[in-house]
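Pasted below: query_28.cif, mmCIF, C-alpha atoms and all ligand atoms.
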data_work
loop_
_atom_site.label_atom_id
_atom_site.label_comp_id
_atom_site.auth_asym_id
_atom_site.auth_seq_id
_atom_site.Cartn_x
_atom_site.Cartn_y
_atom_site.Cartn_z
CA MET A 285 -13.62 -28.79 10.83
CA ASN A 286 -14.29 -32.54 10.90
CA ALA A 287 -14.52 -34.55 14.12
CA ASN A 288 -11.13 -36.12 13.53
CA ASN A 289 -9.45 -32.74 13.63
CA THR A 290 -10.19 -32.31 17.32
CA GLN A 291 -8.77 -35.67 18.31
CA THR A 292 -5.29 -35.58 19.74
CA ILE A 293 -2.46 -36.77 17.60
CA ALA A 294 -0.90 -39.96 18.93
CA THR A 295 1.89 -41.15 16.64
CA PRO A 296 4.71 -39.60 14.59
CA GLU A 297 2.95 -40.86 11.44
CA GLN A 298 -0.28 -39.09 12.39
CA LEU A 299 1.68 -35.96 13.16
CA LYS A 300 3.49 -35.99 9.84
CA SER A 301 0.32 -36.55 7.92
CA ALA A 302 -1.59 -33.83 9.84
CA VAL A 303 1.16 -31.27 9.30
CA TRP A 304 1.68 -32.11 5.64
CA ASP A 305 -2.09 -31.99 5.03
CA ALA A 306 -2.37 -28.63 6.74
CA VAL A 307 0.62 -27.12 4.96
CA GLU A 308 -0.17 -28.53 1.52
CA ASN A 309 -3.82 -27.49 1.64
CA GLN A 310 -3.32 -24.08 3.20
CA ILE A 311 -4.36 -21.26 0.90
CA VAL A 312 -1.54 -18.73 0.78
CA THR A 313 -1.29 -14.98 0.60
CA ASP A 314 1.93 -14.33 -1.30
CA ILE A 315 3.10 -11.05 0.15
CA HIS A 316 5.88 -10.20 -2.32
CA THR A 317 5.98 -11.00 -6.03
CA HIS A 318 6.79 -9.26 -9.29
CA LEU A 319 3.61 -10.52 -10.96
CA PHE A 320 0.98 -8.27 -12.52
CA SER A 321 -2.72 -8.59 -13.26
CA PRO A 322 -3.76 -8.89 -16.95
CA PRO A 323 -4.49 -5.17 -17.57
CA PHE A 324 -0.77 -4.52 -17.10
CA GLY A 325 -0.25 -6.40 -20.37
CA ASP A 326 3.33 -7.38 -21.14
CA LEU A 327 4.41 -6.74 -17.55
CA LEU A 328 2.77 -10.02 -16.62
CA LEU A 329 5.31 -12.69 -17.57
CA TRP A 330 4.35 -16.31 -18.11
CA GLY A 331 5.28 -19.30 -20.24
CA ILE A 332 8.30 -21.49 -20.84
CA ASP A 333 10.55 -18.93 -22.52
CA GLU A 334 10.04 -16.49 -19.64
CA LEU A 335 10.66 -19.29 -17.15
CA LEU A 336 13.92 -20.23 -18.84
CA THR A 337 15.15 -16.66 -19.11
CA TYR A 338 14.47 -15.89 -15.42
CA HIS A 339 17.42 -13.80 -14.28
CA TYR A 340 18.40 -16.42 -11.70
CA LEU A 341 19.03 -18.79 -14.66
CA ILE A 342 20.75 -16.16 -16.77
CA ALA A 343 23.37 -15.84 -14.01
CA GLU A 344 23.89 -19.60 -14.14
CA VAL A 345 24.15 -20.02 -17.90
CA PHE A 346 27.27 -17.86 -18.20
CA ARG A 347 29.08 -20.23 -15.84
CA LYS A 348 28.55 -23.20 -18.14
CA SER A 349 28.39 -21.73 -21.64
CA GLU A 350 31.06 -20.02 -23.74
CA VAL A 351 28.56 -17.38 -24.82
CA SER A 352 29.78 -13.81 -24.33
CA TYR A 353 27.64 -11.16 -22.65
CA GLU A 354 27.35 -9.30 -25.95
CA GLN A 355 26.24 -12.41 -27.83
CA PHE A 356 23.71 -13.33 -25.18
CA TRP A 357 22.08 -9.92 -24.98
CA ALA A 358 21.89 -9.72 -28.77
CA MET A 359 19.81 -12.92 -28.91
CA THR A 360 16.03 -13.02 -29.06
CA LYS A 361 14.23 -14.32 -25.99
CA THR A 362 13.58 -17.64 -27.75
CA GLU A 363 17.27 -18.00 -28.59
CA GLN A 364 18.25 -17.21 -25.01
CA ALA A 365 15.75 -19.79 -23.76
CA ASP A 366 17.12 -22.37 -26.23
CA LEU A 367 20.65 -21.74 -25.02
CA ILE A 368 19.70 -21.98 -21.34
CA TRP A 369 17.71 -25.17 -21.95
CA GLN A 370 20.55 -26.77 -23.90
CA THR A 371 23.26 -25.69 -21.44
CA LEU A 372 21.64 -26.09 -18.05
CA PHE A 373 19.09 -28.85 -18.69
CA ILE A 374 20.52 -31.03 -21.47
CA GLU A 375 24.30 -30.74 -21.20
CA ASN A 376 24.14 -30.61 -17.40
CA SER A 377 21.64 -31.91 -14.88
CA PRO A 378 19.28 -29.20 -13.63
CA VAL A 379 19.99 -29.52 -9.92
CA SER A 380 20.30 -25.87 -8.88
CA GLU A 381 17.21 -24.50 -7.16
CA ALA A 382 16.34 -22.25 -10.12
CA CYS A 383 16.74 -25.13 -12.60
CA ARG A 384 14.90 -27.60 -10.41
CA GLY A 385 12.11 -25.06 -10.23
CA VAL A 386 11.55 -25.25 -13.97
CA VAL A 387 11.33 -29.05 -13.83
CA THR A 388 8.90 -28.95 -10.88
CA THR A 389 6.79 -26.40 -12.75
CA LEU A 390 6.60 -28.41 -15.98
CA ASP A 391 5.66 -31.48 -14.01
CA ALA A 392 3.01 -29.61 -12.03
CA LEU A 393 1.46 -28.48 -15.30
CA GLY A 394 1.18 -32.09 -16.41
CA LEU A 395 3.91 -31.79 -19.04
CA ASP A 396 6.15 -34.78 -19.67
CA VAL A 397 9.52 -33.94 -18.12
CA ARG A 398 10.95 -37.22 -19.42
CA SER A 399 10.58 -36.08 -23.01
CA ARG A 400 12.79 -32.98 -22.50
CA ASN A 401 10.98 -31.67 -25.54
CA LEU A 402 11.09 -27.88 -25.38
CA GLN A 403 8.92 -27.49 -28.48
CA ASP A 404 6.12 -29.49 -26.84
CA TYR A 405 6.30 -27.26 -23.79
CA ARG A 406 6.10 -24.20 -26.02
CA GLN A 407 3.09 -25.69 -27.74
CA TYR A 408 1.29 -26.13 -24.40
CA PHE A 409 1.62 -22.42 -23.64
CA ALA A 410 0.71 -21.39 -27.18
CA GLU A 411 -2.63 -23.12 -26.71
CA THR A 412 -3.45 -21.42 -23.37
CA THR A 413 -4.86 -17.98 -22.65
CA VAL A 414 -3.35 -15.91 -19.87
CA GLU A 415 -6.65 -15.68 -18.01
CA ALA A 416 -7.08 -19.46 -18.03
CA PHE A 417 -3.47 -19.90 -17.05
CA ILE A 418 -3.83 -17.56 -14.06
CA ASP A 419 -6.72 -19.68 -12.79
CA THR A 420 -4.77 -22.90 -13.30
CA VAL A 421 -1.73 -21.59 -11.46
CA PHE A 422 -3.59 -19.96 -8.55
CA GLU A 423 -5.69 -23.07 -8.03
CA GLN A 424 -2.82 -25.51 -8.23
CA ALA A 425 -0.40 -23.44 -6.19
CA LYS A 426 -3.21 -22.84 -3.67
CA VAL A 427 -2.50 -19.14 -3.69
CA SER A 428 -5.45 -16.80 -3.19
CA LYS A 429 -3.70 -13.42 -3.38
CA VAL A 430 -0.39 -12.14 -4.67
CA VAL A 431 1.05 -8.75 -3.85
CA MET A 432 2.59 -7.09 -6.90
CA THR A 433 5.57 -4.69 -6.92
CA ASN A 434 4.28 -1.41 -8.30
CA ASP A 435 6.55 1.42 -9.32
CA PRO A 436 4.65 4.72 -9.45
CA PHE A 437 7.24 6.08 -11.88
CA ASP A 438 7.02 3.23 -14.39
CA PRO A 439 5.40 4.53 -17.59
CA ALA A 440 4.30 0.98 -18.42
CA GLU A 441 2.17 0.86 -15.27
CA ALA A 442 0.82 4.40 -15.52
CA PRO A 443 -2.12 3.81 -17.93
CA VAL A 444 -3.50 1.04 -15.75
CA TRP A 445 -3.39 3.20 -12.62
CA ALA A 446 -4.91 6.07 -14.56
CA SER A 447 -7.77 3.82 -15.68
CA GLY A 448 -8.53 2.96 -12.06
CA ASP A 449 -9.06 -0.69 -12.99
CA THR A 450 -6.40 -3.26 -12.23
CA GLY A 451 -8.67 -6.12 -13.21
CA ASP A 452 -8.26 -9.32 -11.25
CA ALA A 453 -8.65 -8.60 -7.51
CA ARG A 454 -6.35 -11.49 -6.63
CA PHE A 455 -3.48 -9.15 -7.51
CA GLU A 456 -2.93 -6.52 -4.84
CA ALA A 457 -0.61 -3.55 -4.90
CA ALA A 458 2.61 -2.64 -3.09
CA LEU A 459 3.96 0.87 -3.54
CA ARG A 460 7.62 0.37 -4.37
CA MET A 461 9.85 3.34 -3.69
CA ASP A 462 13.32 2.36 -4.88
CA VAL A 463 13.42 5.14 -7.46
CA LEU A 464 12.27 7.75 -4.95
CA ILE A 465 14.59 6.70 -2.14
CA ASN A 466 17.67 5.21 -3.78
CA THR A 467 17.91 7.46 -6.83
CA TYR A 468 16.18 10.64 -5.71
CA GLN A 469 18.83 12.95 -7.11
CA GLU A 470 19.52 10.97 -10.27
CA THR A 471 15.94 10.28 -11.37
CA GLY A 472 13.34 10.50 -8.58
CA TYR A 473 13.49 14.26 -8.38
CA GLU A 474 12.95 14.73 -12.14
CA HIS A 475 10.09 12.26 -12.13
CA LEU A 476 8.38 14.09 -9.29
CA ARG A 477 8.74 17.44 -11.02
CA GLY A 478 7.46 15.89 -14.25
CA LEU A 479 4.36 14.77 -12.37
CA GLY A 480 3.77 18.30 -11.05
CA TYR A 481 5.32 18.05 -7.58
CA ASP A 482 7.30 21.13 -6.67
CA VAL A 483 10.32 19.51 -4.98
CA ASP A 484 13.90 20.74 -4.77
CA PRO A 485 16.87 18.63 -5.91
CA ASN A 486 18.37 18.30 -2.45
CA LEU A 487 15.09 17.80 -0.66
CA LEU A 488 15.89 20.38 1.96
CA THR A 489 12.71 22.38 2.41
CA GLU A 490 9.47 21.83 4.28
CA LYS A 491 7.73 22.62 0.98
CA SER A 492 9.47 19.65 -0.66
CA TYR A 493 8.56 17.31 2.18
CA LYS A 494 4.97 18.37 1.83
CA GLU A 495 5.08 17.70 -1.88
CA VAL A 496 6.54 14.21 -1.41
CA ARG A 497 3.86 13.50 1.18
CA ARG A 498 1.23 14.67 -1.30
CA PHE A 499 2.75 12.31 -3.89
CA LEU A 500 2.63 9.37 -1.47
CA GLU A 501 -0.93 10.15 -0.43
CA THR A 502 -2.05 10.29 -4.04
CA TRP A 503 -0.50 6.92 -4.78
CA ILE A 504 -1.83 5.32 -1.63
CA GLN A 505 -5.29 6.42 -2.64
CA ARG A 506 -4.77 5.25 -6.21
CA MET A 507 -3.17 1.88 -5.51
CA ASN A 508 -4.58 0.96 -2.12
CA PRO A 509 -1.26 -0.75 -1.43
CA LYS A 510 -0.78 -3.41 1.22
CA TYR A 511 2.49 -1.72 2.12
CA MET A 512 5.14 0.71 0.85
CA ALA A 513 8.50 -0.94 0.10
CA VAL A 514 12.12 -0.30 -0.68
CA SER A 515 15.18 -2.45 -1.24
CA LEU A 516 18.29 -1.09 0.47
CA PRO A 517 22.03 -1.75 0.31
CA PRO A 518 23.82 -3.48 3.19
CA ASP A 519 25.36 -0.19 4.29
CA PHE A 520 21.97 1.46 4.79
CA GLU A 521 22.12 3.79 7.78
CA TYR A 522 19.53 5.25 10.12
CA PRO A 523 19.46 7.92 11.44
CA HIS A 524 20.75 9.35 8.23
CA ASP A 525 21.87 12.87 7.42
CA GLY A 526 20.94 12.89 3.75
CA ILE A 527 18.13 12.34 1.29
CA LEU A 528 17.20 8.92 2.67
CA GLY A 529 16.97 10.19 6.24
CA ARG A 530 14.94 13.24 5.22
CA LEU A 531 12.58 11.10 3.17
CA PHE A 532 12.13 8.59 5.97
CA ASP A 533 11.59 11.11 8.78
CA ASN A 534 9.59 13.80 7.04
CA CYS A 535 7.66 11.94 4.38
CA ILE A 536 7.43 8.15 4.47
CA LEU A 537 7.18 7.40 8.19
CA PRO A 538 4.49 10.02 8.89
CA ILE A 539 2.44 8.87 5.88
CA SER A 540 2.91 5.22 6.79
CA ARG A 541 1.50 5.98 10.26
CA GLU A 542 -1.29 8.21 9.06
CA PHE A 543 -2.61 5.72 6.49
CA ASN A 544 -1.72 2.59 8.46
CA VAL A 545 0.31 1.29 5.51
CA PRO A 546 3.41 -0.56 6.78
CA PHE A 547 6.85 0.16 5.41
CA ALA A 548 8.65 -2.90 4.03
CA LEU A 549 12.45 -2.84 4.11
CA MET A 550 14.37 -5.35 2.04
CA ILE A 551 17.93 -4.88 3.19
CA GLY A 552 21.21 -6.24 1.88
CA VAL A 553 21.24 -5.93 -1.90
CA LYS A 554 24.36 -4.71 -3.68
CA ARG A 555 23.03 -3.56 -7.02
CA ALA A 556 25.08 -4.15 -10.19
CA VAL A 557 28.01 -6.06 -8.71
CA ASN A 558 28.48 -7.23 -12.29
CA PRO A 559 26.63 -4.83 -14.60
CA GLN A 560 27.32 -7.07 -17.62
CA LEU A 561 24.73 -9.45 -16.22
CA GLN A 562 22.10 -6.71 -16.23
CA MET A 563 19.27 -7.69 -13.87
CA ALA A 564 21.15 -10.85 -12.91
CA GLY A 565 24.15 -8.83 -11.75
CA ASP A 566 23.07 -7.88 -8.22
CA GLY A 567 24.80 -9.32 -5.15
CA THR A 568 24.43 -9.50 -1.40
CA GLY A 569 26.19 -8.06 1.63
CA LYS A 570 25.90 -8.30 5.39
CA ALA A 571 24.19 -5.31 6.97
CA ASP A 572 24.83 -3.61 10.30
CA LEU A 573 21.45 -4.03 11.94
CA THR A 574 22.03 -1.32 14.53
CA SER A 575 20.29 1.00 12.08
CA LEU A 576 17.25 -1.22 11.94
CA GLU A 577 17.11 -1.37 15.74
CA THR A 578 17.22 2.42 15.91
CA LEU A 579 14.49 2.76 13.30
CA LEU A 580 12.23 0.35 15.20
CA ARG A 581 12.93 1.94 18.58
CA GLU A 582 12.50 5.53 17.47
CA ASN A 583 9.33 4.85 15.50
CA PRO A 584 7.24 2.60 17.76
CA ASP A 585 3.99 3.67 16.12
CA ASN A 586 5.22 2.63 12.68
CA LYS A 587 4.87 -0.90 11.36
CA PHE A 588 7.79 -2.44 9.49
CA LEU A 589 7.94 -5.56 7.39
CA VAL A 590 11.55 -6.70 7.02
CA THR A 591 13.43 -9.31 5.02
CA LEU A 592 17.20 -9.57 4.69
CA LEU A 593 19.42 -10.85 1.92
CA SER A 594 22.42 -12.03 3.90
CA ARG A 595 22.40 -15.39 5.64
CA GLU A 596 24.70 -13.96 8.31
CA ASN A 597 22.06 -11.42 9.35
CA GLN A 598 19.18 -13.82 9.88
CA HIS A 599 19.76 -14.83 13.48
CA GLU A 600 20.32 -11.25 14.57
CA LEU A 601 17.07 -10.27 12.87
CA CYS A 602 15.21 -12.88 14.93
CA VAL A 603 16.65 -11.40 18.11
CA ILE A 604 15.52 -7.94 17.00
CA GLY A 605 12.07 -9.44 16.36
CA ARG A 606 11.93 -10.41 20.04
CA LYS A 607 12.47 -6.77 21.02
CA PHE A 608 10.09 -4.95 18.71
CA LYS A 609 6.47 -5.86 18.07
CA ASN A 610 6.30 -3.24 15.32
CA LEU A 611 8.51 -5.56 13.24
CA MET A 612 7.10 -8.38 11.13
CA ILE A 613 9.80 -10.56 9.66
CA PHE A 614 8.93 -12.04 6.31
CA GLY A 615 10.18 -14.43 3.65
CA CYS A 616 13.46 -15.95 2.61
CA TRP A 617 14.49 -13.39 0.08
CA TRP A 618 16.13 -14.14 -3.29
CA PHE A 619 19.51 -15.80 -2.51
CA MET A 620 17.95 -17.07 0.74
CA ASN A 621 15.17 -18.82 -1.17
CA ASN A 622 16.92 -22.21 -1.35
CA PRO A 623 15.79 -25.29 0.58
CA SER A 624 18.84 -25.55 2.86
CA ILE A 625 18.65 -21.89 3.81
CA ILE A 626 14.86 -21.83 4.13
CA GLU A 627 15.13 -24.75 6.50
CA GLU A 628 17.77 -23.06 8.63
CA ILE A 629 16.02 -19.69 8.71
CA THR A 630 12.60 -21.18 9.43
CA ARG A 631 14.02 -23.17 12.34
CA GLU A 632 15.79 -20.11 13.71
CA ARG A 633 12.64 -18.02 13.44
CA ILE A 634 10.34 -20.55 15.03
CA GLU A 635 12.78 -21.22 17.86
CA LEU A 636 13.15 -17.52 18.64
CA LEU A 637 9.79 -16.11 17.63
CA GLY A 638 7.35 -19.01 17.66
CA LEU A 639 4.61 -18.62 15.11
CA SER A 640 4.74 -14.80 14.90
CA VAL A 641 6.44 -14.53 11.50
CA ILE A 642 5.59 -14.74 7.81
CA PRO A 643 7.89 -17.60 6.81
CA GLN A 644 7.86 -17.13 3.09
CA HIS A 645 6.94 -15.13 0.01
CA SER A 646 7.64 -16.31 -3.53
CA ASP A 647 9.25 -13.33 -5.27
CA ALA A 648 7.82 -14.91 -8.43
CA ARG A 649 8.52 -12.88 -11.56
CA ILE A 650 6.89 -15.36 -13.86
CA LEU A 651 3.38 -16.53 -13.06
CA ASP A 652 4.28 -20.22 -13.51
CA GLN A 653 6.86 -19.91 -10.73
CA LEU A 654 4.13 -19.78 -8.10
CA LEU A 655 3.85 -23.52 -8.70
CA TYR A 656 7.39 -24.44 -7.81
CA LYS A 657 8.29 -21.76 -5.32
CA TRP A 658 5.36 -22.59 -3.08
CA LYS A 659 5.70 -26.34 -3.55
CA HIS A 660 9.36 -26.30 -2.55
CA SER A 661 8.84 -23.97 0.40
CA ARG A 662 5.83 -25.85 1.73
CA GLN A 663 7.90 -29.05 1.83
CA VAL A 664 10.66 -27.48 3.87
CA ILE A 665 8.39 -25.56 6.24
CA ALA A 666 6.25 -28.67 6.86
CA ASP A 667 9.33 -30.69 7.83
CA VAL A 668 10.45 -28.04 10.30
CA LEU A 669 6.99 -27.89 11.85
CA VAL A 670 6.82 -31.67 12.20
CA GLU A 671 10.11 -31.59 14.10
CA LYS A 672 8.92 -28.83 16.42
CA TYR A 673 5.52 -30.41 17.20
CA GLN A 674 7.22 -33.78 17.77
CA THR A 675 9.36 -32.34 20.56
CA LEU A 676 6.13 -31.33 22.32
CA LEU A 677 4.49 -34.72 21.79
CA ASP A 678 7.60 -36.38 23.17
CA VAL A 679 6.98 -34.89 26.62
CA GLY A 680 3.25 -35.49 26.65
CA TRP A 681 1.83 -32.20 25.28
CA THR A 682 -1.29 -32.89 23.23
CA ILE A 683 -1.92 -31.45 19.81
CA THR A 684 -4.90 -31.71 17.50
CA ALA A 685 -5.05 -31.39 13.74
CA SER A 686 -7.23 -28.31 14.08
CA GLU A 687 -4.58 -26.62 16.22
CA ILE A 688 -2.03 -27.37 13.54
CA GLU A 689 -4.36 -25.93 10.90
CA ARG A 690 -4.77 -22.78 13.00
CA ASP A 691 -1.01 -22.34 13.29
CA VAL A 692 -0.39 -22.97 9.60
CA ASN A 693 -3.16 -20.59 8.64
CA ASN A 694 -1.48 -17.86 10.67
CA LEU A 695 1.90 -18.50 9.09
CA PHE A 696 0.62 -18.42 5.53
CA GLY A 697 -1.78 -15.48 5.72
CA GLY A 698 -3.28 -14.75 9.14
CA ASN A 699 -0.20 -13.06 10.56
CA PHE A 700 0.03 -10.75 7.55
CA ASP A 701 -3.65 -9.76 7.78
CA ARG A 702 -3.46 -9.10 11.49
CA PHE A 703 -0.26 -7.10 11.16
CA LEU A 704 -1.84 -4.90 8.46
CA ASN A 705 -5.16 -4.47 10.18
CA GLY A 706 -4.07 -4.08 13.79
CA SER A 707 -3.68 -0.59 15.18
O1 LIG B 1 14.32 -11.76 -6.46
C1 LIG B 1 14.38 -11.03 -7.44
O2 LIG B 1 13.79 -11.30 -8.49
C2 LIG B 1 15.23 -9.82 -7.40
O3 LIG B 1 15.57 -9.46 -8.66
C3 LIG B 1 14.60 -8.58 -6.85
O4 LIG B 1 13.50 -8.25 -7.60
C4 LIG B 1 14.21 -8.51 -5.48
O5 LIG B 1 13.36 -9.53 -5.09
C5 LIG B 1 13.55 -7.17 -5.23
O6 LIG B 1 12.35 -7.10 -5.01
O7 LIG B 1 14.29 -6.16 -5.29
ZN ZN B 2 11.44 -9.01 -5.23
#
Take the structure in the file and write it out as structure tokens.
Amino acid sequence: MNANNTQTIATPEQLKSAVWDAVENQIVTDIHTHLFSPPFGDLLLWGIDELLTYHYLIAEVFRKSEVSYEQFWAMTKTEQADLIWQTLFIENSPVSEACRGVVTTLDALGLDVRSRNLQDYRQYFAETTVEAFIDTVFEQAKVSKVVMTNDPFDPAEAPVWASGDTGDARFEAALRMDVLINTYQETGYEHLRGLGYDVDPNLLTEKSYKEVRRFLETWIQRMNPKYMAVSLPPDFEYPHDGILGRLFDNCILPISREFNVPFALMIGVKRAVNPQLQMAGDGTGKADLTSLETLLRENPDNKFLVTLLSRENQHELCVIGRKFKNLMIFGCWWFMNNPSIIEEITRERIELLGLSVIPQHSDARILDQLLYKWKHSRQVIADVLVEKYQTLLDVGWTITASEIERDVNNLFGGNFDRFLNGS
């Protein structure tokens, strides 16, 4: 800490510069991504063609191109990327958040965005190794750790977990349980049996609960996950008289407590609203948060990380945060990850919960995206913080740059660490 940092801030200009410095230089722990470390091979996506075929952009291209679903899905990745580039970047200005993100990323990598020369961009990536590119991106994005999304049933991940070596320690695990919880009867059950767990199809017996617990324990030991996670539809209910309820009460919540591994709930996704769009076809819906309140109240010794997909639920979630310290609210998820919404949600959270939240995660699926997602979010969060500190300065409260750094450090990593490590 230099001497200047302990001096009180006197003017709005000093405040703005102190907050922007703190936010821009803060090293981030990115608590939810879909990135993978190099041993996972093709699961780690990077490069311009992956960037352009991000599912957020696939959803947008159909609105502006005459291409049919069948034609699009029959194309190679390079052809899809060409079409998206031509349609969304050349024939139209790339102003949507997902499009703007590509432009920010190219610029951050030092590529000439004026040239609009896709072949040159491809050439840049062709000359880079993935290991070197990881270093470039982590350094530039000022991200020290990313939490992956790890599916214990994914055969593509299995060899890496079996080897016991996930390579680069900057990539940490999260045990994702969508298949187990949301499709237990369709696929989860078969997977479990295939792996040697003696469960029954309706998950009705104590024996089955024990087997699912054994499965979770094994994977917690194997992955050392930061948390267990599931995405849930808006009509998710708790208490629940069905597979989900039995899994929560008899398997996941006890294991989460025993191993001190929080349970992350990502609520509000309507899967396959338009199946023709494949991964881009999911939608959002407003949830009834009474279920979340019940879950938090009835399981005070469990820790929950929660993010919601509906804008309409965000204020209510902040109020719930005021009631339950076993809840850590995180990120502006997916359709919420747009500047106007991030700004609104961040304001709401800070006004109701102070600095006791994790304001953002990236959800990056393509390594390069760490560059734009964090850049865009830092800008918005910094502006909100400036506004909040200014209201204090206006009535004579004193603030130092080191206090701002402390606060920003908590928002971008400290709160997560303390939530995980606290009892
Ligand atoms: O944001 C996304 O990329 C979505 O497709 C989902 O992956 C979502 O974030 C999730 O984790 O389910
Ligand atoms: Zn995600």
Interatomic distance, atom CA of A:Leu655 to atom CA of A:Val312 (Å, one decimal):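 These two atoms are separated by 11.9 Å.
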Nearest residue to ligand LIG 1 (chain B) from the set A:Asp462, A:Asp333, A:Asp396, A:Glu381 (distances using all atoms listed in the file): A:Asp462
Nearest to A:Gln560: which of A:Leu367, A:Leu576, A:Val397, A:Ala343 is it, counting only C-alpha atoms? A:Ala343
Closest atom pairs, residues of chain A within 8 Å of ligand LIG 1 (chain B), only C-alpha atoms and all ligand atoms, as CSV:
residue,atom,partner,partner_atom,distance
A:His316,CA,B:LIG1,O6,7.7
A:Thr317,CA,B:LIG1,O6,7.5
A:His318,CA,B:LIG1,O4,7.0
A:His339,CA,B:LIG1,O2,7.3
A:Tyr340,CA,B:LIG1,O2,7.6
A:Thr433,CA,B:LIG1,O6,7.4
A:Val514,CA,B:LIG1,O7,7.8
A:Ser515,CA,B:LIG1,O7,5.6
A:Met550,CA,B:LIG1,O7,7.4
A:Val553,CA,B:LIG1,O7,7.7
A:Met563,CA,B:LIG1,O3,6.6
A:Ala564,CA,B:LIG1,O3,7.2
A:Asp566,CA,B:LIG1,O3,7.7
A:Trp617,CA,B:LIG1,O5,6.6
A:Trp618,CA,B:LIG1,O1,4.4
A:Phe619,CA,B:LIG1,O1,7.7
A:Asp647,CA,B:LIG1,O1,5.4
A:Ala648,CA,B:LIG1,O2,7.0
A:Arg649,CA,B:LIG1,O2,6.3
Rounded to one decimal in Å, what is the spacing between atom CA of A:Gly478 and atom CA of A:Met432? 24.6 Å
Using atom CA of A:Ser640 and atom CA of A:Met612 as the two end points, give the distance in Å to one decimal.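 Going from atom CA of A:Ser640 over to atom CA of A:Met612, I get 7.8 Å.
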